[in-house]
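Asker: Below is the file start.txt, which contains compact mmCIF, C-alpha atoms.
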```txt
# COMPACT_ATOMS: atom_id res chain seq x y z
CA MET N 10 -47.26 92.49 134.91
CA PHE N 11 -46.75 89.24 133.02
CA ARG N 12 -47.63 88.83 129.36
CA TYR N 13 -48.42 85.72 127.39
CA PRO N 14 -46.43 84.91 124.22
CA ASN N 15 -49.19 86.58 122.21
CA GLY N 16 -48.86 89.81 124.18
CA LYS N 17 -52.01 89.41 126.28
CA VAL N 18 -51.79 90.39 129.90
CA TYR N 19 -51.76 87.50 132.38
CA LYS N 20 -54.99 87.21 134.36
CA PRO N 21 -54.96 84.82 137.29
CA GLN N 22 -57.16 81.81 136.72
CA GLU N 23 -58.84 82.23 140.09
CA ASP N 24 -60.55 85.41 138.87
CA ILE N 25 -62.11 83.52 136.01
CA GLU N 26 -63.10 80.65 138.25
CA LYS N 27 -64.57 83.07 140.78
CA ARG N 28 -66.61 84.68 138.06
CA ARG N 29 -68.11 81.30 137.19
CA LYS N 30 -69.02 80.86 140.83
CA LYS N 31 -70.14 84.39 141.60
CA SER N 32 -73.76 83.36 142.14
CA ILE N 33 -72.63 81.70 145.33
CA THR N 34 -71.22 83.85 148.08
CA TYR N 35 -68.93 82.64 150.78
CA SER N 36 -68.87 85.00 153.75
CA ASN N 37 -67.87 88.58 153.09
CA ARG N 38 -64.12 88.16 153.26
CA GLY N 39 -63.59 88.18 149.49
CA MET N 40 -62.37 84.59 149.77
CA THR N 41 -64.04 81.51 148.39
CA LEU N 42 -64.32 78.15 150.11
CA GLU N 43 -61.96 76.92 147.40
CA ASP N 44 -59.39 79.60 148.31
CA ASP N 45 -59.51 78.54 151.94
CA LEU N 46 -59.13 74.87 151.05
CA ASN N 47 -56.23 75.56 148.71
CA GLU N 48 -54.48 77.52 151.48
CA THR N 49 -55.20 74.73 153.92
CA ASN N 50 -53.79 72.11 151.55
CA LEU N 51 -50.69 74.24 150.97
CA TYR N 52 -50.23 74.50 154.72
CA TYR N 53 -50.56 70.72 155.07
CA LEU N 54 -48.08 70.19 152.23
CA GLU N 55 -45.46 72.63 153.51
CA ASN N 56 -45.67 71.24 157.02
CA ASN N 57 -45.52 67.61 155.88
CA ILE N 58 -48.95 66.92 157.35
CA ALA N 59 -50.72 65.64 154.23
CA VAL N 60 -50.46 65.75 150.44
CA ILE N 61 -53.85 66.85 149.10
CA HIS N 62 -54.42 68.66 145.82
CA LYS N 63 -57.38 70.06 143.97
CA LYS N 64 -57.74 68.44 140.58
CA PRO N 65 -57.50 70.74 137.57
CA THR N 66 -60.80 71.95 136.10
CA PRO N 67 -61.73 69.46 133.38
CA VAL N 68 -61.86 71.13 130.01
CA GLN N 69 -62.97 69.72 126.67
CA ILE N 70 -60.47 71.07 124.18
CA VAL N 71 -61.89 71.57 120.69
CA ASN N 72 -59.39 73.72 118.84
CA VAL N 73 -55.68 74.37 119.42
CA HIS N 74 -53.31 76.58 117.45
CA TYR N 75 -49.63 75.70 117.26
CA PRO N 76 -47.85 78.92 116.39
CA LYS N 77 -44.16 78.59 115.49
CA ARG N 78 -41.78 79.76 118.16
CA SER N 79 -44.42 80.18 120.86
CA ALA N 80 -46.64 78.13 123.11
CA ALA N 81 -49.70 76.24 121.83
CA VAL N 82 -52.87 78.32 122.25
CA ILE N 83 -56.21 76.71 123.02
CA LYS N 84 -58.68 78.68 120.89
CA GLU N 85 -61.87 76.86 121.75
CA ALA N 86 -62.72 74.74 124.75
CA TYR N 87 -65.63 74.05 127.08
CA PHE N 88 -65.96 73.35 130.76
CA LYS N 89 -66.96 69.75 131.27
CA GLN N 90 -68.26 67.83 134.22
CA SER N 91 -65.75 65.96 136.30
CA SER N 92 -66.26 62.24 136.84
CA THR N 93 -64.79 62.42 140.34
CA THR N 94 -64.70 64.75 143.30
CA ASP N 95 -62.39 67.76 143.26
CA TYR N 96 -59.88 67.01 145.99
CA ASN N 97 -57.82 63.96 146.76
CA GLY N 98 -54.51 62.87 148.18
CA VAL N 99 -52.78 60.97 150.94
CA TYR N 100 -52.63 61.24 154.72
CA ARG N 101 -50.67 58.70 156.75
CA GLY N 102 -50.84 56.21 153.90
CA LYS N 103 -54.63 56.43 153.61
CA TYR N 104 -56.45 57.71 150.56
CA ILE N 105 -58.38 60.96 151.20
CA ASP N 106 -61.11 62.16 148.85
CA PHE N 107 -63.55 65.02 149.18
CA GLU N 108 -65.78 67.54 147.51
CA ALA N 109 -66.53 71.06 148.75
CA LYS N 110 -69.90 72.73 148.31
CA GLU N 111 -71.61 75.91 149.45
CA THR N 112 -75.15 77.08 149.78
CA LYS N 113 -76.75 80.45 150.51
CA ASN N 114 -79.88 78.63 151.57
CA LYS N 115 -80.73 79.51 155.19
CA THR N 116 -82.51 76.40 156.41
CA SER N 117 -81.28 73.37 154.43
CA PHE N 118 -78.55 72.12 152.12
CA PRO N 119 -79.91 71.26 148.63
CA LEU N 120 -78.70 67.88 147.38
CA GLN N 121 -78.74 69.19 143.81
CA ASN N 122 -75.32 70.61 144.68
CA PHE N 123 -74.00 67.10 144.06
CA HIS N 124 -73.99 65.30 140.74
CA GLU N 125 -74.94 61.68 140.27
CA HIS N 126 -71.44 60.70 139.07
CA GLN N 127 -69.81 62.40 142.06
CA VAL N 128 -71.98 60.37 144.38
CA SER N 129 -71.12 57.16 142.47
CA HIS N 130 -67.46 58.08 142.79
CA MET N 131 -67.89 58.45 146.57
CA GLU N 132 -69.49 55.00 146.72
CA ASN N 133 -66.58 53.54 144.76
CA VAL N 134 -64.05 55.19 147.07
CA LEU N 135 -65.81 53.85 150.17
CA ALA N 136 -65.91 50.37 148.61
CA GLN N 137 -62.11 50.60 148.33
CA ASP N 138 -61.86 51.62 151.98
CA GLY N 139 -60.86 55.20 151.16
CA ILE N 140 -61.66 58.12 153.47
CA CYS N 141 -64.35 60.15 151.76
CA PHE N 142 -66.34 63.19 152.86
CA VAL N 143 -67.78 66.54 151.82
CA ILE N 144 -66.96 69.96 153.20
CA LEU N 145 -70.08 72.10 153.36
CA SER N 146 -70.28 75.83 153.74
CA ALA N 147 -73.78 76.60 154.97
CA PHE N 148 -75.64 78.65 157.61
CA ASP N 149 -72.43 80.68 158.22
CA GLU N 150 -70.65 77.51 159.32
CA ILE N 151 -68.20 75.02 157.81
CA TYR N 152 -69.02 71.34 158.24
CA LEU N 153 -67.36 68.04 157.44
CA LEU N 154 -69.97 65.46 156.53
CA GLU N 155 -68.79 61.90 156.00
CA ALA N 156 -69.71 60.37 152.64
CA GLU N 157 -71.56 57.55 154.43
CA ALA N 158 -73.98 60.12 155.88
CA LEU N 159 -74.34 62.00 152.62
CA LEU N 160 -75.23 58.72 150.88
CA LYS N 161 -78.05 58.16 153.36
CA PHE N 162 -79.60 61.55 152.58
CA TRP N 163 -79.02 60.94 148.87
CA GLY N 164 -80.75 57.56 149.12
CA ARG N 165 -83.70 59.14 150.92
CA MET N 166 -84.09 61.56 148.00
CA LYS N 167 -83.83 58.70 145.47
CA ASN N 168 -86.64 56.97 147.36
CA GLY N 169 -88.87 59.99 146.89
CA GLY N 170 -87.90 61.82 150.07
CA ARG N 171 -86.78 65.42 150.53
CA LYS N 172 -84.26 66.91 148.12
CA SER N 173 -82.17 68.57 150.81
CA ILE N 174 -80.54 68.01 154.17
CA THR N 175 -82.10 70.13 156.90
CA MET N 176 -79.96 72.35 159.11
CA ASP N 177 -80.90 70.20 162.10
CA GLU N 178 -79.83 67.03 160.31
CA ILE N 179 -76.51 68.63 159.39
CA ASN N 180 -75.94 69.78 162.95
CA VAL N 181 -76.54 66.23 164.17
CA SER N 182 -74.66 64.24 161.51
CA ALA N 183 -71.83 66.55 160.44
CA HIS N 184 -68.73 67.81 162.24
CA LYS N 185 -68.61 71.57 162.68
CA MET N 186 -65.26 73.24 162.01
CA THR N 187 -64.11 76.66 163.11
CA LEU N 188 -62.25 78.83 160.60
CA GLY N 189 -58.67 79.23 161.70
CA PHE N 190 -55.69 81.25 160.61
CA GLN N 191 -53.28 78.45 159.75
CA PRO N 192 -54.66 76.16 158.54
CA ARG N 193 -57.92 77.89 157.68
CA ILE N 194 -60.10 74.77 157.55
CA ASP N 195 -58.43 72.09 159.63
CA TYR N 196 -60.29 69.05 158.30
CA ILE N 197 -57.36 66.72 159.07
CA LYS N 198 -58.08 67.30 162.77
CA ILE N 199 -61.52 65.73 162.26
CA ILE N 200 -60.06 62.90 160.14
CA ASP N 201 -57.61 62.19 162.95
CA LYS N 202 -60.43 61.87 165.47
CA LEU N 203 -62.58 59.72 163.18
CA TYR N 204 -60.00 57.36 161.67
CA PHE N 205 -56.74 57.45 163.63
CA ASN N 206 -57.54 56.88 167.25
CA MET J 24 -72.10 63.37 114.75
CA PHE J 25 -72.35 65.60 117.80
CA ARG J 26 -72.28 69.39 117.62
CA TYR J 27 -71.37 71.94 120.24
CA PRO J 28 -73.84 74.72 121.10
CA ASN J 29 -72.00 76.97 118.64
CA GLY J 30 -72.49 74.48 115.81
CA LYS J 31 -68.92 73.17 115.71
CA VAL J 32 -68.50 69.46 115.23
CA TYR J 33 -67.37 67.54 118.28
CA LYS J 34 -63.78 66.29 118.05
CA PRO J 35 -62.70 63.81 120.70
CA GLN J 36 -60.17 65.28 123.08
CA GLU J 37 -57.88 62.27 122.70
CA ASP J 38 -57.09 63.28 119.12
CA ILE J 39 -55.87 66.66 120.28
CA GLU J 40 -53.91 65.14 123.12
CA LYS J 41 -52.37 62.57 120.78
CA ARG J 42 -51.33 65.34 118.43
CA ARG J 43 -49.46 67.01 121.28
CA LYS J 44 -47.71 63.73 121.96
CA LYS J 45 -47.11 62.62 118.40
CA SER J 46 -43.33 62.96 118.70
CA ILE J 47 -43.38 59.94 120.96
CA THR J 48 -44.48 56.63 119.52
CA TYR J 49 -45.85 53.78 121.56
CA SER J 50 -45.63 50.53 119.66
CA ASN J 51 -47.44 50.39 116.32
CA ARG J 52 -50.90 49.54 117.57
CA GLY J 53 -52.26 53.06 117.18
CA MET J 54 -52.71 53.15 120.94
CA THR J 55 -50.85 55.33 123.39
CA LEU J 56 -49.58 54.28 126.79
CA GLU J 57 -52.21 56.67 128.15
CA ASP J 58 -54.98 54.84 126.23
CA ASP J 59 -53.87 51.53 127.70
CA LEU J 60 -53.74 52.94 131.22
CA ASN J 61 -57.16 54.55 130.87
CA GLU J 62 -58.60 51.21 129.71
CA THR J 63 -56.86 49.46 132.57
CA ASN J 64 -58.24 51.93 135.10
CA LEU J 65 -61.73 51.56 133.66
CA TYR J 66 -61.40 47.79 133.98
CA TYR J 67 -60.30 48.16 137.61
CA LEU J 68 -63.22 50.53 138.29
CA GLU J 69 -65.89 48.39 136.66
CA ASN J 70 -64.65 45.26 138.42
CA ASN J 71 -64.39 46.97 141.81
CA ILE J 72 -60.65 46.30 141.94
CA ALA J 73 -59.39 49.87 142.40
CA VAL J 74 -60.49 53.48 141.85
CA ILE J 75 -57.73 55.21 139.88
CA HIS J 76 -58.25 58.18 137.57
CA LYS J 77 -56.07 60.29 135.33
CA LYS J 78 -56.16 63.92 136.38
CA PRO J 79 -57.49 66.41 133.83
CA THR J 80 -54.86 68.23 131.76
CA PRO J 81 -54.11 71.47 133.62
CA VAL J 82 -55.06 74.47 131.56
CA GLN J 83 -54.47 78.16 132.28
CA ILE J 84 -57.67 79.87 131.22
CA VAL J 85 -57.20 83.44 130.00
CA ASN J 86 -60.41 84.40 128.24
CA VAL J 87 -63.96 83.03 128.51
CA HIS J 88 -67.08 84.13 126.67
CA TYR J 89 -70.49 83.74 128.29
CA PRO J 90 -73.00 83.72 125.46
CA LYS J 91 -76.66 83.93 126.43
CA ARG J 92 -78.58 80.69 126.18
CA SER J 93 -75.51 78.51 125.52
CA ALA J 94 -72.49 77.10 127.31
CA ALA J 95 -69.50 79.24 128.30
CA VAL J 96 -66.76 79.11 125.65
CA ILE J 97 -63.10 79.27 126.58
CA LYS J 98 -61.60 81.47 123.86
CA GLU J 99 -57.99 81.54 125.02
CA ALA J 100 -56.11 79.14 127.25
CA TYR J 101 -52.68 77.54 127.54
CA PHE J 102 -51.41 74.16 128.62
CA LYS J 103 -49.65 74.46 131.93
CA GLN J 104 -47.37 72.15 133.88
CA SER J 105 -48.95 69.99 136.50
CA SER J 106 -47.64 70.19 140.04
CA THR J 107 -48.32 66.50 140.64
CA THR J 108 -48.20 63.21 138.80
CA ASP J 109 -50.98 62.31 136.37
CA TYR J 110 -52.66 59.32 138.00
CA ASN J 111 -53.90 58.72 141.51
CA GLY J 112 -56.55 56.90 143.47
CA VAL J 113 -57.26 54.23 146.03
CA TYR J 114 -56.64 50.52 146.28
CA ARG J 115 -57.60 48.61 149.43
CA GLY J 116 -57.58 51.82 151.44
CA LYS J 117 -54.07 52.77 150.36
CA TYR J 118 -53.21 55.84 148.33
CA ILE J 119 -51.84 55.02 144.86
CA ASP J 120 -49.95 57.61 142.80
CA PHE J 121 -48.08 57.25 139.56
CA GLU J 122 -46.77 58.86 136.42
CA ALA J 123 -46.44 57.19 133.00
CA LYS J 124 -43.60 57.96 130.60
CA GLU J 125 -42.33 56.62 127.31
CA THR J 126 -39.04 56.78 125.45
CA LYS J 127 -37.99 55.81 121.93
CA ASN J 128 -34.42 55.67 123.15
CA LYS J 129 -32.96 52.17 122.58
CA THR J 130 -30.43 51.86 125.39
CA SER J 131 -31.49 54.05 128.30
CA PHE J 132 -34.38 55.99 129.82
CA PRO J 133 -33.68 59.77 129.90
CA LEU J 134 -34.46 61.33 133.28
CA GLN J 135 -35.45 64.58 131.54
CA ASN J 136 -38.79 62.85 131.01
CA PHE J 137 -39.55 63.81 134.61
CA HIS J 138 -39.95 67.32 135.93
CA GLU J 139 -38.47 68.57 139.16
CA HIS J 140 -41.90 69.25 140.71
CA GLN J 141 -43.14 65.76 139.80
CA VAL J 142 -40.17 64.27 141.60
CA SER J 143 -40.83 66.50 144.65
CA HIS J 144 -44.43 65.36 144.59
CA MET J 145 -43.27 61.71 144.63
CA GLU J 146 -41.05 62.46 147.64
CA ASN J 147 -44.00 64.06 149.41
CA VAL J 148 -46.22 61.06 148.68
CA LEU J 149 -43.62 58.63 150.00
CA ALA J 150 -43.21 60.75 153.14
CA GLN J 151 -46.97 60.28 153.70
CA ASP J 152 -46.60 56.53 153.23
CA GLY J 153 -48.39 56.51 149.89
CA ILE J 154 -47.66 53.93 147.19
CA CYS J 155 -45.83 55.73 144.42
CA PHE J 156 -44.25 54.53 141.18
CA VAL J 157 -43.72 55.24 137.51
CA ILE J 158 -44.85 53.16 134.55
CA LEU J 159 -42.22 53.22 131.83
CA SER J 160 -42.64 52.25 128.21
CA ALA J 161 -39.15 51.57 126.87
CA PHE J 162 -37.18 49.02 124.82
CA ASP J 163 -40.50 47.48 123.67
CA GLU J 164 -41.39 46.63 127.24
CA ILE J 165 -43.60 48.06 129.98
CA TYR J 166 -42.05 48.44 133.43
CA LEU J 167 -43.19 49.45 136.87
CA LEU J 168 -40.40 51.28 138.68
CA GLU J 169 -40.99 52.17 142.31
CA ALA J 170 -40.55 55.85 143.16
CA GLU J 171 -37.87 54.95 145.72
CA ALA J 172 -35.71 53.55 142.90
CA LEU J 173 -36.42 56.47 140.58
CA LEU J 174 -35.36 58.87 143.33
CA LYS J 175 -31.99 57.10 143.59
CA PHE J 176 -31.31 57.57 139.87
CA TRP J 177 -32.56 61.14 140.10
CA GLY J 178 -30.21 61.81 143.03
CA ARG J 179 -27.28 60.34 141.10
CA MET J 180 -28.00 62.83 138.29
CA LYS J 181 -28.25 65.70 140.78
CA ASN J 182 -24.83 64.71 142.09
CA GLY J 183 -23.34 65.07 138.62
CA GLY J 184 -23.93 61.48 137.48
CA ARG J 185 -25.56 60.22 134.29
CA LYS J 186 -28.80 61.83 133.11
CA SER J 187 -30.52 58.55 132.31
CA ILE J 188 -31.25 55.07 133.64
CA THR J 189 -29.55 52.37 131.58
CA MET J 190 -31.53 49.46 130.20
CA ASP J 191 -29.58 47.10 132.45
CA GLU J 192 -30.43 49.17 135.53
CA ILE J 193 -34.09 49.18 134.58
CA ASN J 194 -34.09 45.43 134.05
CA VAL J 195 -32.57 44.96 137.51
CA SER J 196 -34.59 47.53 139.50
CA ALA J 197 -37.97 47.64 137.73
CA HIS J 198 -40.78 45.10 137.41
CA LYS J 199 -41.51 44.02 133.86
CA MET J 200 -45.17 43.75 132.88
CA THR J 201 -46.67 41.91 129.95
CA LEU J 202 -49.41 43.64 127.94
CA GLY J 203 -52.67 41.80 128.46
CA PHE J 204 -56.13 41.99 127.01
CA GLN J 205 -58.12 42.83 130.13
CA PRO J 206 -56.62 44.63 131.89
CA ARG J 207 -54.00 45.80 129.42
CA ILE J 208 -51.37 46.86 131.94
CA ASP J 209 -52.04 44.99 135.16
CA TYR J 210 -49.97 47.14 137.53
CA ILE J 211 -52.17 46.24 140.52
CA LYS J 212 -50.78 42.70 140.28
CA ILE J 213 -47.30 44.11 140.99
CA ILE J 214 -48.65 46.36 143.76
CA ASP J 215 -50.23 43.30 145.35
CA LYS J 216 -46.91 41.46 145.38
CA LEU J 217 -44.97 44.45 146.69
CA TYR J 218 -47.32 45.82 149.34
CA PHE J 219 -50.04 43.30 150.22
CA ASN J 220 -48.35 40.05 151.08
```
Spell out the structure here as structure tokens.
Answerer:
Amino acid sequence: MFRYPNGKVYKPQEDIEKRRKKSITYSNRGMTLEDDLNETNLYYLENNIAVIHKKPTPVQIVNVHYPKRSAAVIKEAYFKQSSTTDYNGVYRGKYIDFEAKETKNKTSFPLQNFHEHQVSHMENVLAQDGICFVILSAFDEIYLLEAEALLKFWGRMKNGGRKSITMDEINVSAHKMTLGFQPRIDYIKIIDKLYFN
Amino acid sequence: MFRYPNGKVYKPQEDIEKRRKKSITYSNRGMTLEDDLNETNLYYLENNIAVIHKKPTPVQIVNVHYPKRSAAVIKEAYFKQSSTTDYNGVYRGKYIDFEAKETKNKTSFPLQNFHEHQVSHMENVLAQDGICFVILSAFDEIYLLEAEALLKFWGRMKNGGRKSITMDEINVSAHKMTLGFQPRIDYIKIIDKLYFN
């Protein structure tokens, strides 16, 4: 058991993050999509395959105490929206950027899972020739959908069309991935096929 | 004046961050190196030159309250060390990664400004063919030092050599930049010369 300078017992951040996300389930393995991606990225890092990290959760800090002889304590802060996607890094010199999203919906993937500024960020990344995609957990499957395809569905919505991507559309436009042991979600395999032939 | 859901007055995060960094001065313009880099990155973004962002400050969240009908409040959290550098993004398809550091020291740049895990991260990025460097504010100048060069000085220290880079060494191995108006610190200009000829 580890204690903070103020005597409080250490509680892993993942528990808190999971609590925030508890409305969304991700299979029944007690793992989240984020857990699987973090393990995957660690596997890539340790095996010198790619260097991809999840960005820290953006927090708006309002009040900090600076006790003498111990670490600064943030006493008041709020979760804030990120202006980018959550994951980025480098693979064979190329910039890699993605976001991961889940739905419990059985027949379609709601586009409200994405925020306007995330979509703008994806557009910016594509304009700079970066590799950009989303990893979707839906219909008991894991998919890699290229940002170019997502932007088409997003544009359709902006033009008054449907606010989701149907399961059929995902099965046609996305790349299905099978959950593995190591790495769990081998998205680099798809990136290899798509960009490094 | 903007108020949080709990009635507290909004205080820009930069003030808090600056307070943490107040031991280090950065010229007398009331700006920090971080401010200048954020402005530079915004300029690059708005002019479609590059997409580079500073990562959020990593925070270990210990205690969160979930009041009804208002936003979740983080009641206890601590600053934690990042496992990567602070800035990354994409320029012309290539992965860009850097760290920014300042010293008030007059004759040399102390290597203790860098952490072991940041240096490992730089090694990992270089192994993946990413573009990696540090931006140094020292001796009233701004320098871009390529990670390859930093790693040599770091290795010298690890082999029992000096724990800093001398001003002469920096002037020989780094690229001096002049502060501009827009962008303030035009590091992409150096990257162009070094990698896109």
Asker: If you measure from CA of Asn57 (chain N) to CA of Asn220 (chain J), what distance in Å do you get, rounded to one decimal?
Answerer: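 One can read the CA of Asn57 (chain N) to CA of Asn220 (chain J) distance as 28.1 Å.
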Asker: Contacts of Met200 (chain J) at 9 Å or less, counting all atoms listed in the file, minus same-chain residues fewer than 2 places along, as JSON, numbers by chain?
Answerer: {"J": [164, 165, 166, 167, 198, 202, 203, 208, 209, 210, 213]}
Asker: With distances taken over only C-alpha atoms, which residue among J:Val195, J:Ile72, J:Ile158, J:Ala100 lies nearest Val85 (chain J)?
Answerer: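 For Val85 (chain J), the nearest of the candidates is J:Ala100.
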Asker: Which is closest to chain N among J:Glu125, J:Ile154, J:Glu139, J:Thr108, if we use only C-alpha atoms?
Answerer: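 Nearest to chain N: J:Ile154.
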Asker: Between N:Gln137, N:Asn56, N:Thr41, N:Gln121, which has the minimum distance to chain J (counting only C-alpha atoms)?
Answerer: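 Looking at the shortest contact to chain J, the residue is N:Gln137.
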Asker: Define the interface residues of chain J facing chain N as those within 6 Å, counting only C-alpha atoms, and report them as an mmCIF file with C-alpha atoms, in the coordinates of the input.
Answerer:
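Saved as result_14.cif:
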```cif
data_model
loop_
_atom_site.group_PDB
_atom_site.id
_atom_site.type_symbol
_atom_site.label_atom_id
_atom_site.label_comp_id
_atom_site.auth_asym_id
_atom_site.auth_seq_id
_atom_site.Cartn_x
_atom_site.Cartn_y
_atom_site.Cartn_z
ATOM 1 C CA GLN J 36 -60.170 65.280 123.080
ATOM 2 C CA PRO J 79 -57.490 66.410 133.830
ATOM 3 C CA PRO J 81 -54.110 71.470 133.620
ATOM 4 C CA ILE J 84 -57.670 79.870 131.220
ATOM 5 C CA VAL J 96 -66.760 79.110 125.650
ATOM 6 C CA ILE J 97 -63.100 79.270 126.580
ATOM 7 C CA LYS J 98 -61.600 81.470 123.860
ATOM 8 C CA GLU J 99 -57.990 81.540 125.020
ATOM 9 C CA ALA J 100 -56.110 79.140 127.250
ATOM 10 C CA TYR J 101 -52.680 77.540 127.540
ATOM 11 C CA VAL J 113 -57.260 54.230 146.030
ATOM 12 C CA TYR J 114 -56.640 50.520 146.280
ATOM 13 C CA ARG J 115 -57.600 48.610 149.430
ATOM 14 C CA GLY J 116 -57.580 51.820 151.440
ATOM 15 C CA LYS J 117 -54.070 52.770 150.360
ATOM 16 C CA TYR J 118 -53.210 55.840 148.330
ATOM 17 C CA GLN J 151 -46.970 60.280 153.700
ATOM 18 C CA ASP J 152 -46.600 56.530 153.230
ATOM 19 C CA GLY J 153 -48.390 56.510 149.890
#
```
Asker: Applying 12 Å and only C-alpha atoms, which residues near Asp191 (chain J) remain after dropping the ones on its own chain fewer than 5 positions away? List them as a ChimeraX atom specification.
Answerer: /J:129-132,161-162,196-197
Asker: Using all atoms listed in the file, what residues lie at most 10 Å away from (-78.4, 66.5, 145.4) (file coordinates), given as a list of chain:residue names?
Answerer: N:Phe118, N:Pro119, N:Leu120, N:Gln121, N:Asn122, N:Phe123, N:His124, N:Glu125, N:Val128, N:Leu159, N:Phe162, N:Trp163, N:Gly164, N:Met166, N:Lys167, N:Arg171, N:Lys172, N:Ser173, N:Ile174
Asker: Please, what distance in Å, to one decimal, runs between CA of Met145 (chain J) and CA of Ala170 (chain J)?
Answerer: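 Interatomic distance here is 6.6 Å.
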Asker: Just the number, please: distance in Å from CA of Val143 (chain N) to CA of Cys155 (chain J), one decimal.
Answerer: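 So the two atoms, CA of Val143 (chain N) and CA of Cys155 (chain J), lie 25.6 Å apart.
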Asker: Could you tell me which of N:His126, N:Glu108, N:Leu154, N:Arg165 comes closest to Asn180 (chain N) if we count all atoms listed in the file?
Answerer: N:Leu154
Asker: Find the residue from J:Ser93, J:Asn61, J:Gln104, J:Asn128 that sits nearest to Asp163 (chain J); use all atoms listed in the file when measuring.
Answerer: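 Distance minimum relative to Asp163 (chain J) lands on J:Asn128.
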